[in-house]
Amino acid sequence: MAEPAKQDNTGAVTPKTEDGAAAGPKIGVFICHCGSNIAGVVDCGKVRQAAEKLPGVTVAKENKYTCSDLGQEEIIKAIRENGIERVVVASCSPRLHEPTFRKCIERAGLNAYLLHMVNIREQCSWVHSQEKEKATDKATDLVKMGVSKASMLQPLAAREVPVEPVSLVIGAGVAGIQAALDLANMGFKVNVVETQPSIGGKMAQLDKTFPTGDCAICILAPKMVELARHPNITLLSYSDVEEVKGHIGSYEVKVRRKSRFVHEDKCVGCGLCAEACPVKVDNEFDLGFGQRKAIYVPFPQAVPLKYTIDKENCLHFKSGKCLLCAKACSNQAIDHKMQDEVITLKVGTIIVATGYETYVPMRKGVYKYWEFDNVITGLELERLLNASGPTGGHLVRPSDGQVPKRIAFIQCVGSRNKKINKNYCSRVCCMYAIKDSQIINEHEPKTEVAVYYNDIRAFGKGFEELYHRVREEYGVEFIRGRPAKLTEDPNTKAITIRAEETLLNKITEREFDLVVLSTGLIPSPGSEKIGKVLNLAVSPDGFFSEAHPKLRPVDTAIDGIFLAGCCQGPKDIPDSVAQAKAAASSAAAPMYAKKVWIEPLTAVVDQELCVGCGLCVELCPYGSPELVPGEKGGMKARAIEALCHGCGTCAASCPQKAISPMQFTDTQIFSEIEAALHEPTKKQNGKKKAEAEVS
Amino acid sequence: MKEVEKVFIGGLKEELMEDKVIDESQLAPGFAEEIKKYGGKDVMTCLQCGNCTGVCPISLKIDYKTRNIIKCCQFGLKKYILSTRWVCATCYRCYEHCPADLNPAEIMIALRHIAVREGIIPPFVKTAATNLVKYGQSVRPDEEIDKIRRELGLKPVHTHDPSFKSVIREIQVLVHASKYDKLIGIQEEVKV
């Protein structure tokens, strides 16, 4: 057959003879250059020429950017004019543009699932940039496999499911609070679950915020109160999410309401019970510096202002006696026999805002946190500076209660350290050390402050200005070097830091009264549990990973579940709030539309082949298949479509091969394999021997 | 500069002082790769935090900055540091503390490999190597040591034992087979 005359390298192919085309559906192949991302490595012209010769291929074209308007128009034109029935797009990962091209072919009247994407960017040109010829061969093979599979594609129908206009926010720190308020203000019902007795999270523990020096609780408390009073919000404090089932639109969530041993509806927060309680223990909220009773509120501004009995330390639970608190309560709110309660919520979307924990220095570490009294962490310093903290905002050192005159900060403790597998920057430590050095000087003027740093990262709005101000106004000294050794004077309890001042090229030894370790941020312990319950993906650093680092920063890989705040990675308060607002608006979209389309890529069980062994029921991570009595007797498996994620675990494990995941059926996959193995072009590359072996 | 510093760390300080400006002519491209070839980890990952200098026991005695040497490696300032880094006792404390998970001690060893191959061998290294071939150990047994040992009630050094001759012989065979003698330029004739 003569090649048609072409004006450029993107021309159409003369359709094959009718005999050739009649064998299967007409296939169109569209090869994307992706600028130079693909075309810079793969010879797209060669790939197109090879594609033209494949059985069933009626149109093969190249585009600089297939995803652009022009590129899409060309696909639509080919469908309308050439009668293309299956579309193969060889470009980037389907994760990026599958939805784009599905919509595109749907516009031309084709079923959206008659599209197959061949990844010749991430899986070819990007990884083989040094071997252009081999990359071209591989791209050709991948296209051949794709065309072979495309001929097997069957139309599928996406399902529309209703979306419950109710959201669940897990975690009520500043991010969770903001997300809940935004959704509630849009008119959606919101359930907020917080594991602690009070909402507020880590921000409630902080003294001032950088770079403006706003009092943290002063700006947070109004939001906490607003959340508690909002008619659209149900606050479930001191509760844990135990189980989540379902899919976007209708998640079924089991929440354990841990027993406070105090009836929330009766408690007025007067505090008579705490006065009567004889047990004193360290207050976790003050990180062990202050004390609380066994019946307590963690801090004065707590929301809800309801007391909680700490079962571990309560005398009644230890000896069966006491009950002084119950006697003191004039409202009969206290009930030592109270039990945990498990409630079920039905929600359409979920926002995860489980926050962070601060890094705890190692027991036998270099910085002697556990050995020297006057070595504290940044968060402990926040409590010591805080007006409602254990010292009433009076900065003293732990060893003797004296005011420290020389204070050192050590940066990057628990961050940027490959040795302890914390390779990331915690993003807030530079700025909180700088902010604290300002506050220290406001509390006690002329305090000598030195910051031992590796790099100062003052990247945010107003950060650099604050960095400048502390040097200008307070003479805060910045020493570039990571301390090597800390020694304590046994009499004065002063600490000598040995470090190389790398900019001076000198080893320095300086004495300080108080050393503050600027500890980094790590995923909160609750995150791991929630991650398992929700099947969320986790990045190597332990934080939840977003669906796309740039374009889907608040989405997760699971539809209807969104991320907000530090559970996704360390960030400061403005960034947490911004992400919370973004998560709220993303969660609102399907709830406002009240319906959502679910992919039909689920598992289908062949009732004839199934023997009802139940292996799939055991293995499914989403609880989708169930055993039901079959029409002709015996038990048969059936996939509950709404729960199925199409992961294929059941299909791979089924001993009868009775289960097929749609669009990944055995016939489709085998057709790809066959196309890969029976390729005449391989002979041209001197691979005759290899081919002889496989065939 | 102390005598010991001159012997062990060469003229790093003076050379740095002499060169007012460092331009490309003084840099050795691909130096970081060369270090990798001889067993050092990627020096480019060093954060220059100075923790290694701070923990280095040698730095207590003489002006020796581990971080400085790694910086020179990153920069390709081969000429400053090949004259060479024999002072490192390879105690691995720097490795223990390094947040970038580099191993400065092994980089020092790699630098020695490179230096020797370029013929930059301090005299004491040559002496030690010659002793190894001659006496089977790098420190030459002498009267002084024997005297101290006698006073402490210790047996004479085992190298005096006639049976140790075969050990020396084995070492010589190995030295010859691995061409170590040629590399170091040992004068002693090794008869195999």
# chains A, B, ... in the order shown; residues from 1 in each chain; ligands from 1
>>> interface_residues(of="chain A", to="chain B", cutoff="7 Å", atoms="only C-alpha atoms", output="NGL selection string")
:A and (416-419 or 454 or 481-484 or 498-500 or 502 or 507)
>>> residues_around(residues="Ala157 (chain A)", least_positions_apart="4", cutoff="10 Å", atoms="only C-alpha atoms", output="JSON list (two decimals) with N, CA and C atoms, in the first residue's frame")
[["chain", "number", "residue", "atom", "x", "y", "z"],
["A", 111, "ASN", "N", -17.98, 6.01, 24.28],
["A", 111, "ASN", "CA", -18.00, 5.67, 25.70],
["A", 111, "ASN", "C", -16.63, 6.01, 26.30],
["A", 112, "ALA", "N", -16.64, 6.63, 27.48],
["A", 112, "ALA", "CA", -15.41, 7.13, 28.08],
["A", 112, "ALA", "C", -14.40, 6.02, 28.38],
["A", 113, "TYR", "N", -14.89, 4.79, 28.52],
["A", 113, "TYR", "CA", -13.99, 3.70, 28.91],
["A", 113, "TYR", "C", -13.42, 2.96, 27.71],
["A", 597, "TRP", "N", -19.89, 10.80, 40.47],
["A", 597, "TRP", "CA", -19.78, 9.65, 39.58],
["A", 597, "TRP", "C", -18.68, 8.73, 40.09],
["A", 598, "ILE", "N", -19.00, 7.44, 40.18],
["A", 598, "ILE", "CA", -18.00, 6.48, 40.64],
["A", 598, "ILE", "C", -17.54, 5.64, 39.47],
["A", 599, "GLU", "N", -16.25, 5.39, 39.41],
["A", 599, "GLU", "CA", -15.67, 4.60, 38.34],
["A", 599, "GLU", "C", -16.25, 3.18, 38.31],
["A", 600, "PRO", "N", -16.53, 2.66, 37.12],
["A", 600, "PRO", "CA", -17.07, 1.29, 37.06],
["A", 600, "PRO", "C", -15.97, 0.23, 37.06],
["A", 601, "LEU", "N", -14.75, 0.61, 37.43],
["A", 601, "LEU", "CA", -13.64, -0.35, 37.37],
["A", 601, "LEU", "C", -13.64, -1.24, 38.60]]
>>> select_by_dssp(residues="region 463-509 of chain A", states="helix (DSSP H, G or I)", output="CSV table (one decimal) with N, CA and C atoms, in the first residue's frame")
chain,number,residue,atom,x,y,z
A,463,PHE,N,9.0,36.9,57.7
A,463,PHE,CA,9.9,36.1,58.4
A,463,PHE,C,11.3,36.7,58.4
A,464,GLU,N,11.8,37.1,57.2
A,464,GLU,CA,13.1,37.7,57.1
A,464,GLU,C,13.2,38.9,57.9
A,465,GLU,N,12.1,39.7,57.9
A,465,GLU,CA,12.1,41.0,58.7
A,465,GLU,C,12.3,40.7,60.2
A,466,LEU,N,11.7,39.6,60.7
A,466,LEU,CA,11.8,39.3,62.1
A,466,LEU,C,13.2,38.8,62.4
A,467,TYR,N,13.8,38.0,61.5
A,467,TYR,CA,15.2,37.6,61.6
A,467,TYR,C,16.1,38.8,61.7
A,468,HIS,N,15.8,39.8,60.9
A,468,HIS,CA,16.6,41.0,60.9
A,468,HIS,C,16.4,41.7,62.3
A,469,ARG,N,15.2,41.8,62.7
A,469,ARG,CA,14.9,42.5,63.9
A,469,ARG,C,15.5,42.0,65.2
A,470,VAL,N,15.5,40.6,65.3
A,470,VAL,CA,16.1,40.1,66.5
A,470,VAL,C,17.6,40.3,66.6
A,471,ARG,N,18.3,40.4,65.4
A,471,ARG,CA,19.7,40.7,65.4
A,471,ARG,C,19.9,42.2,65.7
A,472,GLU,N,19.1,43.0,65.1
A,472,GLU,CA,19.2,44.5,65.2
A,472,GLU,C,18.9,45.0,66.7
A,473,GLU,N,17.7,44.5,67.1
A,473,GLU,CA,17.2,45.1,68.4
A,473,GLU,C,17.8,44.3,69.6
A,474,TYR,N,17.9,43.0,69.5
A,474,TYR,CA,18.3,42.3,70.7
A,474,TYR,C,19.7,41.7,70.6
>>> atom_distance(atom1="CA of Thr234 (chain A)", atom2="CA of Arg257 (chain A)")
12.8 Å
>>> residues_around(residues="region 145-148 of chain B", least_positions_apart="5", cutoff="12 Å", atoms="only C-alpha atoms", output="list in words")
Val139, Arg140, Gly153, Leu154, Lys155, Pro156, Val157, His158, Thr159 and His160 of chain B
>>> write_last_selection(atoms="N, CA, C and O atoms", output="short mmCIF file (atom, residue, chain, number, x, y, z; two decimals), in the first residue's frame")
data_model
loop_
_atom_site.label_atom_id
_atom_site.label_comp_id
_atom_site.auth_asym_id
_atom_site.auth_seq_id
_atom_site.Cartn_x
_atom_site.Cartn_y
_atom_site.Cartn_z
N VAL B 139 55.79 -0.60 63.12
CA VAL B 139 56.69 0.04 64.09
C VAL B 139 57.92 -0.86 64.25
O VAL B 139 57.78 -2.04 64.60
N ARG B 140 59.05 -0.30 63.99
CA ARG B 140 60.28 -1.09 64.01
C ARG B 140 60.65 -1.44 65.44
O ARG B 140 60.78 -0.55 66.30
N GLY B 153 58.22 -6.15 82.89
CA GLY B 153 58.06 -7.59 83.11
C GLY B 153 57.34 -8.27 81.98
O GLY B 153 56.69 -9.31 82.19
N LEU B 154 57.44 -7.69 80.79
CA LEU B 154 56.78 -8.32 79.63
C LEU B 154 57.79 -9.14 78.84
O LEU B 154 59.00 -8.86 78.88
N LYS B 155 57.27 -10.10 78.10
CA LYS B 155 58.13 -10.92 77.26
C LYS B 155 58.69 -10.07 76.12
O LYS B 155 58.08 -9.06 75.77
N PRO B 156 59.81 -10.50 75.53
CA PRO B 156 60.29 -9.75 74.37
C PRO B 156 59.26 -9.79 73.23
O PRO B 156 58.41 -10.69 73.18
N VAL B 157 59.35 -8.80 72.34
CA VAL B 157 58.40 -8.74 71.21
C VAL B 157 58.48 -10.02 70.39
O VAL B 157 59.58 -10.54 70.16
N HIS B 158 57.33 -10.50 69.96
CA HIS B 158 57.30 -11.79 69.29
C HIS B 158 58.05 -11.81 67.98
O HIS B 158 58.36 -12.85 67.45
N THR B 159 58.38 -10.61 67.45
CA THR B 159 59.10 -10.61 66.17
C THR B 159 60.52 -11.15 66.34
O THR B 159 61.17 -11.51 65.35
N HIS B 160 61.00 -11.22 67.59
CA HIS B 160 62.33 -11.79 67.82
C HIS B 160 62.28 -13.30 67.66
O HIS B 160 63.30 -13.95 67.46
#
>>> residues_around(residues="Leu77 (chain B)", least_positions_apart="6", cutoff="12 Å", atoms="only C-alpha atoms", output="PDB file with N, CA and C atoms, in the first residue's frame")
ATOM      1  N   LEU B  12      48.020  22.993  54.404  1.00  0.00           N
ATOM      2  CA  LEU B  12      46.667  23.439  54.072  1.00  0.00           C
ATOM      3  C   LEU B  12      46.441  24.902  54.433  1.00  0.00           C
ATOM      4  N   GLU B  15      48.629  27.371  52.325  1.00  0.00           N
ATOM      5  CA  GLU B  15      48.174  27.441  50.938  1.00  0.00           C
ATOM      6  C   GLU B  15      46.889  28.245  50.831  1.00  0.00           C
ATOM      7  N   LEU B  16      45.982  28.015  51.803  1.00  0.00           N
ATOM      8  CA  LEU B  16      44.726  28.763  51.789  1.00  0.00           C
ATOM      9  C   LEU B  16      44.989  30.252  51.954  1.00  0.00           C
ATOM     10  N   ASP B  19      46.579  31.762  48.529  1.00  0.00           N
ATOM     11  CA  ASP B  19      45.675  31.988  47.409  1.00  0.00           C
ATOM     12  C   ASP B  19      44.625  33.021  47.775  1.00  0.00           C
ATOM     13  N   ILE B  22      40.394  31.929  44.513  1.00  0.00           N
ATOM     14  CA  ILE B  22      40.433  30.573  43.964  1.00  0.00           C
ATOM     15  C   ILE B  22      39.698  30.608  42.633  1.00  0.00           C
ATOM     16  N   ASP B  23      40.375  30.304  41.569  1.00  0.00           N
ATOM     17  CA  ASP B  23      39.684  30.256  40.282  1.00  0.00           C
ATOM     18  C   ASP B  23      39.668  28.825  39.745  1.00  0.00           C
ATOM     19  N   GLU B  24      39.050  28.653  38.592  1.00  0.00           N
ATOM     20  CA  GLU B  24      38.833  27.298  38.076  1.00  0.00           C
ATOM     21  C   GLU B  24      40.123  26.519  37.844  1.00  0.00           C
ATOM     22  N   SER B  25      41.210  27.257  37.566  1.00  0.00           N
ATOM     23  CA  SER B  25      42.461  26.564  37.266  1.00  0.00           C
ATOM     24  C   SER B  25      42.941  25.749  38.467  1.00  0.00           C
ATOM     25  N   GLN B  26      42.455  26.113  39.659  1.00  0.00           N
ATOM     26  CA  GLN B  26      42.919  25.401  40.850  1.00  0.00           C
ATOM     27  C   GLN B  26      41.995  24.249  41.252  1.00  0.00           C
ATOM     28  N   LEU B  27      40.900  24.104  40.536  1.00  0.00           N
ATOM     29  CA  LEU B  27      39.942  23.072  40.910  1.00  0.00           C
ATOM     30  C   LEU B  27      40.159  21.807  40.091  1.00  0.00           C
ATOM     31  N   ALA B  28      39.913  20.685  40.732  1.00  0.00           N
ATOM     32  CA  ALA B  28      40.024  19.408  40.036  1.00  0.00           C
ATOM     33  C   ALA B  28      38.627  18.889  39.770  1.00  0.00           C
ATOM     34  N   PRO B  29      38.166  18.970  38.515  1.00  0.00           N
ATOM     35  CA  PRO B  29      36.803  18.497  38.255  1.00  0.00           C
ATOM     36  C   PRO B  29      36.710  16.977  38.460  1.00  0.00           C
ATOM     37  N   GLY B  30      35.552  16.547  38.931  1.00  0.00           N
ATOM     38  CA  GLY B  30      35.341  15.106  39.124  1.00  0.00           C
ATOM     39  C   GLY B  30      36.037  14.547  40.353  1.00  0.00           C
ATOM     40  N   PHE B  31      36.497  15.448  41.229  1.00  0.00           N
ATOM     41  CA  PHE B  31      37.191  14.972  42.428  1.00  0.00           C
ATOM     42  C   PHE B  31      36.252  14.171  43.332  1.00  0.00           C
ATOM     43  N   ALA B  32      34.997  14.667  43.445  1.00  0.00           N
ATOM     44  CA  ALA B  32      34.009  13.973  44.293  1.00  0.00           C
ATOM     45  C   ALA B  32      33.783  12.549  43.785  1.00  0.00           C
ATOM     46  N   ASN B  68      36.385  21.208  57.022  1.00  0.00           N
ATOM     47  CA  ASN B  68      37.148  21.950  56.036  1.00  0.00           C
ATOM     48  C   ASN B  68      37.611  21.070  54.891  1.00  0.00           C
ATOM     49  N   ILE B  69      38.053  19.861  55.263  1.00  0.00           N
ATOM     50  CA  ILE B  69      38.564  18.942  54.250  1.00  0.00           C
ATOM     51  C   ILE B  69      37.428  18.478  53.343  1.00  0.00           C
ATOM     52  N   ILE B  70      36.278  18.205  53.960  1.00  0.00           N
ATOM     53  CA  ILE B  70      35.126  17.778  53.152  1.00  0.00           C
ATOM     54  C   ILE B  70      34.709  18.911  52.201  1.00  0.00           C
ATOM     55  N   LYS B  71      34.804  20.149  52.711  1.00  0.00           N
ATOM     56  CA  LYS B  71      34.460  21.300  51.854  1.00  0.00           C
ATOM     57  C   LYS B  71      35.402  21.351  50.643  1.00  0.00           C
ATOM     58  N   SER B  83      48.131  16.627  50.400  1.00  0.00           N
ATOM     59  CA  SER B  83      49.488  16.602  50.950  1.00  0.00           C
ATOM     60  C   SER B  83      49.521  16.291  52.463  1.00  0.00           C
ATOM     61  N   LEU B 111      41.109   9.573  50.408  1.00  0.00           N
ATOM     62  CA  LEU B 111      42.077  10.614  50.045  1.00  0.00           C
ATOM     63  C   LEU B 111      43.506  10.072  50.081  1.00  0.00           C
TER      64      LEU B 111
END
>>> residues_around(residues="region 654-666 of chain A", least_positions_apart="3", cutoff="6 Å", atoms="only C-alpha atoms", output="list of chain:residue names")
A:Leu601, A:Thr602, A:Ala603, A:Val604, A:Val605, A:Asp606, A:Leu609, A:Cys610, A:Gly648, A:Cys650, A:Ala651, A:Ile669, A:Phe670
>>> write_last_selection(atoms="all heavy atoms", output="mmCIF file, in the first residue's frame")
data_model
loop_
_atom_site.group_PDB
_atom_site.id
_atom_site.type_symbol
_atom_site.label_atom_id
_atom_site.label_comp_id
_atom_site.auth_asym_id
_atom_site.auth_seq_id
_atom_site.Cartn_x
_atom_site.Cartn_y
_atom_site.Cartn_z
ATOM 1 N N LEU A 601 -14.747 0.608 37.428
ATOM 2 C CA LEU A 601 -13.641 -0.346 37.366
ATOM 3 C C LEU A 601 -13.642 -1.242 38.601
ATOM 4 O O LEU A 601 -12.739 -1.192 39.432
ATOM 5 C CB LEU A 601 -12.308 0.390 37.233
ATOM 6 C CG LEU A 601 -12.234 1.381 36.083
ATOM 7 C CD1 LEU A 601 -10.873 2.020 36.011
ATOM 8 C CD2 LEU A 601 -12.578 0.721 34.755
ATOM 9 N N THR A 602 -14.676 -2.035 38.741
ATOM 10 C CA THR A 602 -14.797 -2.898 39.918
ATOM 11 C C THR A 602 -14.634 -4.356 39.502
ATOM 12 O O THR A 602 -14.579 -4.683 38.326
ATOM 13 C CB THR A 602 -16.176 -2.705 40.566
ATOM 14 O OG1 THR A 602 -17.169 -2.902 39.543
ATOM 15 C CG2 THR A 602 -16.333 -1.321 41.144
ATOM 16 N N ALA A 603 -14.593 -5.228 40.510
ATOM 17 C CA ALA A 603 -14.463 -6.658 40.231
ATOM 18 C C ALA A 603 -15.834 -7.257 39.941
ATOM 19 O O ALA A 603 -16.830 -6.873 40.556
ATOM 20 C CB ALA A 603 -13.836 -7.353 41.423
ATOM 21 N N VAL A 604 -15.855 -8.188 38.997
ATOM 22 C CA VAL A 604 -17.109 -8.869 38.673
ATOM 23 C C VAL A 604 -16.888 -10.375 38.834
ATOM 24 O O VAL A 604 -15.888 -10.908 38.353
ATOM 25 C CB VAL A 604 -17.547 -8.539 37.225
ATOM 26 C CG1 VAL A 604 -18.771 -9.360 36.851
ATOM 27 C CG2 VAL A 604 -17.832 -7.055 37.080
ATOM 28 N N VAL A 605 -17.809 -11.030 39.542
ATOM 29 C CA VAL A 605 -17.647 -12.457 39.803
ATOM 30 C C VAL A 605 -18.485 -13.258 38.801
ATOM 31 O O VAL A 605 -19.672 -12.987 38.616
ATOM 32 C CB VAL A 605 -18.080 -12.810 41.241
ATOM 33 C CG1 VAL A 605 -17.791 -14.277 41.537
ATOM 34 C CG2 VAL A 605 -17.382 -11.915 42.247
ATOM 35 N N ASP A 606 -17.837 -14.216 38.158
ATOM 36 C CA ASP A 606 -18.555 -15.116 37.253
ATOM 37 C C ASP A 606 -19.246 -16.184 38.111
ATOM 38 O O ASP A 606 -18.585 -17.028 38.719
ATOM 39 C CB ASP A 606 -17.547 -15.766 36.291
ATOM 40 C CG ASP A 606 -18.244 -16.610 35.242
ATOM 41 O OD1 ASP A 606 -19.311 -17.172 35.559
ATOM 42 O OD2 ASP A 606 -17.714 -16.724 34.124
ATOM 43 N N LEU A 609 -18.427 -19.944 37.525
ATOM 44 C CA LEU A 609 -17.124 -20.464 37.933
ATOM 45 C C LEU A 609 -16.915 -20.467 39.444
ATOM 46 O O LEU A 609 -16.163 -21.285 39.973
ATOM 47 C CB LEU A 609 -16.003 -19.660 37.265
ATOM 48 C CG LEU A 609 -15.845 -19.831 35.746
ATOM 49 C CD1 LEU A 609 -14.802 -18.869 35.217
ATOM 50 C CD2 LEU A 609 -15.451 -21.258 35.400
ATOM 51 N N CYS A 610 -17.558 -19.525 40.137
ATOM 52 C CA CYS A 610 -17.323 -19.380 41.583
ATOM 53 C C CYS A 610 -17.755 -20.628 42.332
ATOM 54 O O CYS A 610 -18.837 -21.172 42.089
ATOM 55 C CB CYS A 610 -18.088 -18.169 42.102
ATOM 56 S SG CYS A 610 -17.946 -17.947 43.893
ATOM 57 N N GLY A 648 -7.902 -5.516 42.530
ATOM 58 C CA GLY A 648 -7.539 -6.763 41.864
ATOM 59 C C GLY A 648 -7.017 -7.862 42.761
ATOM 60 O O GLY A 648 -6.656 -8.938 42.275
ATOM 61 N N CYS A 650 -8.598 -9.775 44.792
ATOM 62 C CA CYS A 650 -9.474 -10.949 44.726
ATOM 63 C C CYS A 650 -9.246 -11.722 43.426
ATOM 64 O O CYS A 650 -9.132 -12.955 43.430
ATOM 65 C CB CYS A 650 -10.937 -10.523 44.850
ATOM 66 S SG CYS A 650 -11.405 -9.244 43.671
ATOM 67 N N ALA A 651 -9.115 -10.977 42.321
ATOM 68 C CA ALA A 651 -8.954 -11.631 41.020
ATOM 69 C C ALA A 651 -7.654 -12.421 40.974
ATOM 70 O O ALA A 651 -7.591 -13.534 40.453
ATOM 71 C CB ALA A 651 -8.974 -10.592 39.909
ATOM 72 N N ILE A 669 -5.267 -8.430 29.504
ATOM 73 C CA ILE A 669 -3.857 -8.439 29.898
ATOM 74 C C ILE A 669 -3.062 -9.408 29.016
ATOM 75 O O ILE A 669 -1.959 -9.096 28.576
ATOM 76 C CB ILE A 669 -3.724 -8.762 31.395
ATOM 77 C CG1 ILE A 669 -4.249 -7.564 32.201
ATOM 78 C CG2 ILE A 669 -2.272 -9.049 31.773
ATOM 79 C CD1 ILE A 669 -4.391 -7.801 33.671
ATOM 80 N N PHE A 670 -3.654 -10.583 28.712
ATOM 81 C CA PHE A 670 -2.935 -11.545 27.859
ATOM 82 C C PHE A 670 -2.742 -11.010 26.449
ATOM 83 O O PHE A 670 -1.715 -11.269 25.819
ATOM 84 C CB PHE A 670 -3.646 -12.900 27.848
ATOM 85 C CG PHE A 670 -3.293 -13.722 29.062
ATOM 86 C CD1 PHE A 670 -4.255 -14.097 29.981
ATOM 87 C CD2 PHE A 670 -1.975 -14.109 29.288
ATOM 88 C CE1 PHE A 670 -3.916 -14.839 31.111
ATOM 89 C CE2 PHE A 670 -1.629 -14.850 30.416
ATOM 90 C CZ PHE A 670 -2.612 -15.205 31.325
#
>>> select_by_dssp(residues="region 336-436 of chain A", states="strand (DSSP E)", output="NGL selection string")
:A and (341-347 or 349-352 or 356-358 or 375-377 or 406-413)
>>> decode(residues="region 38-89 of chain B", atoms="C-alpha atoms", output="PDB file, in the first residue's frame")
ATOM      1  CA  TYR B  38      38.008   4.790  46.501  1.00  0.00           C
ATOM      2  CA  GLY B  39      35.207   4.003  48.922  1.00  0.00           C
ATOM      3  CA  GLY B  40      34.129   7.409  50.202  1.00  0.00           C
ATOM      4  CA  LYS B  41      30.431   8.271  50.261  1.00  0.00           C
ATOM      5  CA  ASP B  42      29.088  11.185  48.248  1.00  0.00           C
ATOM      6  CA  VAL B  43      30.769  14.270  49.708  1.00  0.00           C
ATOM      7  CA  MET B  44      28.285  16.503  47.920  1.00  0.00           C
ATOM      8  CA  THR B  45      25.616  15.607  50.493  1.00  0.00           C
ATOM      9  CA  CYS B  46      27.612  17.269  53.306  1.00  0.00           C
ATOM     10  CA  LEU B  47      25.665  20.083  54.996  1.00  0.00           C
ATOM     11  CA  GLN B  48      28.837  21.689  56.393  1.00  0.00           C
ATOM     12  CA  CYS B  49      27.350  21.698  59.897  1.00  0.00           C
ATOM     13  CA  GLY B  50      30.703  21.209  61.569  1.00  0.00           C
ATOM     14  CA  ASN B  51      29.574  18.438  63.887  1.00  0.00           C
ATOM     15  CA  CYS B  52      32.460  16.238  62.699  1.00  0.00           C
ATOM     16  CA  THR B  53      35.038  18.876  63.641  1.00  0.00           C
ATOM     17  CA  GLY B  54      33.457  19.277  67.048  1.00  0.00           C
ATOM     18  CA  VAL B  55      33.597  15.588  67.921  1.00  0.00           C
ATOM     19  CA  CYS B  56      37.015  14.902  66.384  1.00  0.00           C
ATOM     20  CA  PRO B  57      39.538  13.934  69.095  1.00  0.00           C
ATOM     21  CA  ILE B  58      42.419  15.104  66.896  1.00  0.00           C
ATOM     22  CA  SER B  59      40.942  18.599  66.776  1.00  0.00           C
ATOM     23  CA  LEU B  60      41.578  18.876  70.517  1.00  0.00           C
ATOM     24  CA  LYS B  61      45.320  18.670  69.910  1.00  0.00           C
ATOM     25  CA  ILE B  62      46.022  20.261  66.587  1.00  0.00           C
ATOM     26  CA  ASP B  63      44.346  22.652  64.201  1.00  0.00           C
ATOM     27  CA  TYR B  64      42.513  20.081  62.119  1.00  0.00           C
ATOM     28  CA  LYS B  65      39.021  20.656  60.702  1.00  0.00           C
ATOM     29  CA  THR B  66      37.308  17.627  59.241  1.00  0.00           C
ATOM     30  CA  ARG B  67      34.561  19.826  57.808  1.00  0.00           C
ATOM     31  CA  ASN B  68      37.148  21.950  56.036  1.00  0.00           C
ATOM     32  CA  ILE B  69      38.564  18.942  54.250  1.00  0.00           C
ATOM     33  CA  ILE B  70      35.126  17.778  53.152  1.00  0.00           C
ATOM     34  CA  LYS B  71      34.460  21.300  51.854  1.00  0.00           C
ATOM     35  CA  CYS B  72      37.675  21.136  49.816  1.00  0.00           C
ATOM     36  CA  CYS B  73      36.521  17.760  48.462  1.00  0.00           C
ATOM     37  CA  GLN B  74      33.173  19.253  47.414  1.00  0.00           C
ATOM     38  CA  PHE B  75      34.897  22.183  45.798  1.00  0.00           C
ATOM     39  CA  GLY B  76      37.504  20.091  44.014  1.00  0.00           C
ATOM     40  CA  LEU B  77      40.420  21.693  45.850  1.00  0.00           C
ATOM     41  CA  LYS B  78      42.470  18.569  45.451  1.00  0.00           C
ATOM     42  CA  LYS B  79      45.791  20.386  45.573  1.00  0.00           C
ATOM     43  CA  TYR B  80      45.202  21.621  49.117  1.00  0.00           C
ATOM     44  CA  ILE B  81      44.367  18.346  50.684  1.00  0.00           C
ATOM     45  CA  LEU B  82      46.427  15.676  48.999  1.00  0.00           C
ATOM     46  CA  SER B  83      49.488  16.602  50.950  1.00  0.00           C
ATOM     47  CA  THR B  84      47.706  14.682  52.905  1.00  0.00           C
ATOM     48  CA  ARG B  85      45.285  13.523  55.546  1.00  0.00           C
ATOM     49  CA  TRP B  86      47.249  10.999  57.529  1.00  0.00           C
ATOM     50  CA  VAL B  87      46.385  12.446  60.910  1.00  0.00           C
ATOM     51  CA  CYS B  88      42.901  10.914  61.042  1.00  0.00           C
ATOM     52  CA  ALA B  89      42.862   8.009  63.488  1.00  0.00           C
TER      53      ALA B  89
END
